[in-house]
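What's in structure08.txt: compact mmCIF, C-alpha atoms
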# COMPACT_ATOMS: atom_id res chain seq x y z
CA LEU A 1 80.23 -2.68 19.78
CA VAL A 2 77.19 -4.87 20.39
CA CYS A 3 75.41 -3.35 17.39
CA LYS A 4 78.52 -3.76 15.23
CA ASP A 5 78.86 -7.43 16.18
CA TRP A 6 75.15 -7.99 15.57
CA ARG A 7 75.43 -6.40 12.11
CA SER A 8 78.36 -8.62 11.19
CA THR A 9 76.51 -11.74 12.35
CA HIS A 10 73.35 -10.65 10.54
CA ASP A 11 75.21 -10.03 7.27
CA ALA A 12 77.05 -13.34 7.54
CA LEU A 13 73.76 -15.27 7.73
CA LEU A 14 71.73 -13.20 5.24
CA PRO A 15 70.56 -15.41 2.33
CA THR A 16 68.88 -12.71 0.20
CA LEU A 17 70.05 -9.31 -1.04
CA SER A 18 67.72 -6.70 -2.54
CA LEU A 19 69.49 -3.78 -4.22
CA ASN A 20 67.79 -0.62 -5.42
CA ARG A 21 70.12 2.11 -6.70
CA SER A 22 72.38 1.49 -3.72
CA LEU A 23 76.04 2.52 -3.85
CA TYR A 24 76.94 0.99 -0.50
CA PHE A 25 77.21 -2.49 -1.94
CA ASP A 26 79.81 -1.38 -4.48
CA SER A 27 82.31 -0.45 -1.79
CA LYS A 28 83.32 -3.90 -0.48
CA PRO A 29 83.56 -7.41 -1.94
CA PHE A 30 80.18 -9.11 -1.77
CA PRO A 31 81.46 -12.57 -0.71
CA LEU A 32 83.24 -11.14 2.34
CA LEU A 33 80.25 -9.10 3.49
CA PHE A 34 77.57 -11.70 2.76
CA PRO A 35 79.09 -15.19 2.69
CA SER A 36 75.67 -16.89 2.86
CA ALA A 37 73.90 -14.83 0.20
CA HIS A 38 72.61 -16.84 -2.73
CA GLN A 39 69.63 -14.78 -3.90
CA LEU A 40 69.93 -11.37 -5.59
CA TYR A 41 67.13 -8.94 -6.42
CA PHE A 42 68.02 -5.86 -8.51
CA GLU A 43 65.61 -3.03 -9.21
CA TYR A 44 66.28 -0.34 -11.81
CA ARG A 45 70.04 -0.94 -12.01
CA PRO A 46 71.83 -1.19 -15.38
CA THR A 47 74.48 -3.74 -14.30
CA MET A 48 75.74 -5.74 -11.37
CA PRO A 49 78.08 -3.98 -8.88
CA SER A 50 81.73 -3.99 -9.98
CA SER A 51 82.87 -5.71 -6.78
CA CYS A 52 80.68 -8.77 -7.33
CA ASP A 53 83.04 -11.65 -8.15
CA ARG A 54 82.79 -15.22 -9.36
CA GLU A 55 82.57 -16.66 -5.84
CA LEU A 56 79.20 -15.07 -5.24
CA LEU A 57 77.98 -15.69 -8.78
CA SER A 58 78.83 -19.38 -8.63
CA ARG A 59 76.59 -19.90 -5.59
CA LEU A 60 73.65 -17.80 -6.76
CA THR A 61 70.42 -19.78 -6.96
CA LEU A 62 68.10 -16.85 -7.71
CA PHE A 63 68.74 -13.74 -9.79
CA SER A 64 65.95 -11.19 -10.27
CA LEU A 65 66.29 -7.99 -12.28
CA ASP A 66 63.71 -5.28 -12.93
CA GLY A 67 64.93 -3.55 -16.08
CA SER A 68 62.13 -1.01 -16.32
CA SER A 69 64.68 1.79 -16.58
CA GLY A 70 65.48 0.62 -20.12
CA ARG A 71 69.23 0.74 -19.46
CA VAL A 72 69.85 -3.00 -19.14
CA VAL A 73 71.53 -4.43 -22.26
CA ASP A 74 72.99 -7.83 -23.17
CA GLU A 75 76.53 -6.97 -22.07
CA GLY A 76 75.28 -6.01 -18.61
CA LEU A 77 74.18 -9.60 -18.04
CA LEU A 78 77.40 -11.38 -19.02
CA LEU A 79 77.65 -12.30 -15.33
CA LEU A 80 75.06 -15.04 -15.97
CA LYS A 81 77.79 -17.13 -17.58
CA ALA A 82 79.33 -17.62 -14.14
CA ALA A 83 76.04 -18.24 -12.32
CA THR A 84 76.12 -22.00 -12.88
CA SER A 85 74.00 -22.84 -9.79
CA LEU A 86 70.96 -20.79 -10.82
CA THR A 87 67.57 -22.37 -10.29
CA SER A 88 65.52 -19.20 -10.80
CA LEU A 89 66.06 -16.34 -13.28
CA ARG A 90 63.61 -13.44 -13.43
CA LEU A 91 64.18 -10.68 -15.99
CA LYS A 92 61.27 -8.23 -15.84
CA GLN A 93 60.73 -5.50 -18.43
CA CYS A 94 64.28 -5.77 -19.77
CA ILE A 95 63.12 -4.26 -23.04
CA ARG A 96 66.60 -3.94 -24.57
CA ILE A 97 67.97 -7.43 -24.06
CA THR A 98 67.99 -9.83 -27.00
CA ASP A 99 68.24 -13.57 -27.64
CA LYS A 100 71.95 -13.33 -26.89
CA VAL A 101 71.28 -13.20 -23.15
CA LEU A 102 69.68 -16.64 -23.19
CA SER A 103 72.83 -18.07 -24.78
CA TYR A 104 74.65 -17.07 -21.57
CA LEU A 105 72.80 -19.90 -19.83
CA SER A 106 74.64 -22.64 -21.71
CA SER A 107 76.44 -23.71 -18.52
CA VAL A 108 73.29 -23.67 -16.40
CA SER A 109 71.52 -27.01 -16.08
CA ASN A 110 69.37 -26.81 -12.92
CA LEU A 111 67.11 -23.87 -13.83
CA THR A 112 63.50 -24.54 -12.83
CA GLU A 113 62.04 -21.01 -13.15
CA LEU A 114 62.53 -18.60 -16.04
CA HIS A 115 60.55 -15.37 -16.27
CA LEU A 116 61.00 -13.07 -19.28
CA GLN A 117 57.98 -10.84 -18.75
CA GLY A 118 58.00 -7.83 -21.05
CA CYS A 119 61.29 -8.72 -22.76
CA ASN A 120 59.82 -7.90 -26.17
CA MET A 121 63.05 -8.27 -28.15
CA ILE A 122 63.23 -11.98 -27.28
CA THR A 123 62.38 -14.18 -30.29
CA ASP A 124 62.00 -17.86 -31.20
CA VAL A 125 65.80 -18.15 -31.34
CA ALA A 126 65.92 -17.74 -27.57
CA ILE A 127 63.61 -20.72 -27.04
CA SER A 128 65.86 -22.89 -29.19
CA SER A 129 68.92 -21.88 -27.16
CA ILE A 130 67.40 -23.00 -23.84
CA ARG A 131 66.13 -26.44 -24.91
CA HIS A 132 68.75 -27.97 -22.59
CA LEU A 133 66.87 -26.60 -19.56
CA THR A 134 64.75 -29.73 -19.24
CA LEU A 135 64.09 -29.18 -15.51
CA LEU A 136 62.00 -26.04 -16.13
CA THR A 137 58.73 -26.07 -14.19
CA SER A 138 57.76 -22.40 -14.59
CA LEU A 139 58.10 -20.26 -17.73
CA SER A 140 56.74 -16.78 -18.35
CA LEU A 141 56.81 -15.30 -21.86
CA ARG A 142 54.14 -12.70 -21.08
CA GLY A 143 54.47 -9.71 -23.40
CA CYS A 144 57.22 -11.27 -25.55
CA HIS A 145 55.84 -10.16 -28.91
CA GLY A 146 58.79 -11.68 -30.79
CA ILE A 147 57.70 -15.22 -29.86
CA THR A 148 55.69 -16.93 -32.60
CA ASP A 149 54.14 -20.36 -33.14
CA LYS A 150 57.55 -21.72 -34.13
CA GLY A 151 59.00 -20.83 -30.75
CA VAL A 152 56.02 -22.11 -28.79
CA LEU A 153 56.25 -25.50 -30.50
CA GLU A 154 59.78 -25.78 -29.08
CA LEU A 155 58.25 -25.86 -25.60
CA SER A 156 57.59 -29.57 -26.04
CA ALA A 157 61.17 -30.07 -24.80
CA PHE A 158 60.08 -28.96 -21.32
CA SER A 159 58.18 -32.05 -20.22
CA LYS A 160 58.24 -31.02 -16.53
CA LEU A 161 56.62 -27.63 -17.14
CA GLN A 162 53.84 -26.91 -14.63
CA GLY A 163 53.25 -23.17 -15.10
CA LEU A 164 53.19 -21.33 -18.44
CA LYS A 165 52.35 -17.69 -19.24
CA ILE A 166 51.97 -16.84 -22.93
CA ASN A 167 49.50 -13.97 -22.64
CA LEU A 168 50.09 -10.71 -24.55
CA CYS A 169 52.17 -12.60 -27.13
CA SER A 170 50.70 -11.32 -30.39
CA GLY A 171 52.72 -13.75 -32.53
CA ILE A 172 51.10 -16.90 -31.12
CA THR A 173 48.07 -18.41 -32.87
CA GLY A 174 46.07 -21.63 -32.66
CA GLU A 175 48.80 -23.50 -34.53
CA GLY A 176 51.29 -22.92 -31.75
CA MET A 177 48.76 -23.83 -29.10
CA CYS A 178 48.89 -27.45 -30.23
CA VAL A 179 51.98 -27.87 -28.08
CA LEU A 180 49.82 -27.80 -24.95
CA SER A 181 48.76 -31.40 -25.43
CA CYS A 182 52.42 -32.42 -25.07
CA LEU A 183 52.84 -30.68 -21.70
CA THR A 184 51.37 -33.42 -19.56
CA CYS A 185 52.52 -31.89 -16.24
CA LEU A 186 51.01 -28.45 -16.89
CA THR A 187 48.75 -27.26 -14.05
CA SER A 188 48.60 -23.48 -14.61
CA LEU A 189 48.19 -21.59 -17.90
CA GLU A 190 47.73 -17.91 -18.76
CA LEU A 191 46.37 -16.97 -22.20
CA ASP A 192 44.83 -13.97 -23.93
CA ARG A 193 42.78 -13.11 -26.99
CA TYR A 194 45.74 -13.71 -29.33
CA CYS A 195 45.82 -17.41 -28.42
CA ASP A 196 43.11 -19.35 -30.24
CA PHE A 197 42.53 -22.44 -28.13
CA ALA A 198 39.10 -23.45 -29.41
CA TYR A 199 40.42 -26.50 -31.25
CA VAL A 200 43.27 -27.41 -28.93
CA GLY A 201 43.21 -30.36 -26.57
CA MET A 202 44.19 -29.22 -23.08
CA PRO A 203 46.27 -31.55 -20.90
CA GLU A 204 44.28 -33.40 -18.23
CA SER A 205 46.71 -32.16 -15.57
CA LEU A 206 45.54 -28.53 -16.04
CA MET A 207 43.95 -27.10 -12.91
CA GLU A 208 43.99 -23.33 -13.51
CA VAL A 209 43.51 -21.25 -16.67
CA SER A 210 43.63 -17.46 -16.75
CA LEU A 211 42.04 -15.75 -19.77
CA GLU A 212 43.01 -12.12 -20.38
CA GLN A 213 41.35 -9.62 -22.72
CA PHE A 214 38.92 -12.13 -24.20
CA GLY A 215 36.03 -10.21 -25.75
CA MET A 216 33.54 -13.08 -25.69
CA ILE A 217 33.75 -16.65 -24.44
CA THR A 218 31.13 -19.19 -25.48
CA GLU A 219 30.33 -22.71 -24.35
CA TYR A 220 31.72 -23.97 -27.64
CA SER A 221 35.15 -22.40 -27.11
CA LEU A 222 35.35 -23.88 -23.61
How would this structure read if it were set down as structure tokens?
Amino acid sequence: LVCKDWRSTHDALLPTLSLNRSLYFDSKPFPLLFPSAHQLYFEYRPTMPSSCDRELLSRLTLFSLDGSSGRVVDEGLLLLKAATSLTSLRLKQCIRITDKVLSYLSSVSNLTELHLQGCNMITDVAISSIRHLTLLTSLSLRGCHGITDKGVLELSAFSKLQGLKINLCSGITGEGMCVLSCLTCLTSLELDRYCDFAYVGMPESLMEVSLEQFGMITEYSL
């Protein structure tokens, strides 16, 4: 009885849920089991549990999904339309999702962190659809090969951006890098050999730059 009461109290106060191929969480309504939960981490699951309702979704502040299984598709993330309190969205290696998923965020206004690492079907259209997320401070487009200079230039809308990852984006050239001078709050930047920054003025706020897969760096390029 003591253990049962402890478990109930523990679940009632738990703020974060991490689910990894678990069937237990599909058996009961999430809001009743975890009334304080507002952060969800999913690993290798194609969709959210069927019992997850709008009450939980509406209070979510963080949603993290590892889609490395390759089974996550746009329709599996329709739940994001109800997650209006999100401040952090992390979609890792969701290789089958498209620009459509970003349109699901039309009702989200407080997002400060957006990670799309390895979502290689995301294109410039996605960047255009999230221009209303003006509170963004952290954005990762690492490995998004569908992003080109046109999409990167749209980043000027995110004036509060402090961290940006655009490494392993083969569609970005020196032309797109010109947007960096507009990001006056930027403190951390990750680039790679695809990004020609030799003639680009870096913002004075920049404190950390990570260079990946650069064959040769000279004094002139720095």
Expressed in Å to a single decimal, how great is the separation between atom CA of A:Lys160 and atom CA of A:Cys144? 21.7 Å
Axis-aligned box for all listed atoms of stretch 108-111 of chain A, 8 Å per side, centre and edges in Å to one decimal, as AutoDock Vina command-line options:
--center_x 70.2 --center_y -25.3 --center_z -14.7 --size_x 22.2 --size_y 19.3 --size_z 19.5
Have a look at atom CA of A:Val108 and atom CA of A:Leu141 and let me know their distance in Å, one decimal.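 Between these atoms lies a distance of 19.3 Å.
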Between atom CA of A:Ala126 and atom CA of A:Glu204, what is the distance, to one decimal in Å? 28.3 Å
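Residue nearest A:Arg96 within the list A:Val72, A:Thr173, A:Ile130, A:Leu155: A:Val72 [criterion: smallest interatomic distance, only C-alpha atoms].
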For each of A:Thr87, A:Gln93, A:Thr61, A:Ser128, take the minimum atom-to-atom distance to A:Val73, counting only C-alpha atoms, then give the residue where this is smallest.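 The closest residue to A:Val73 is A:Gln93.
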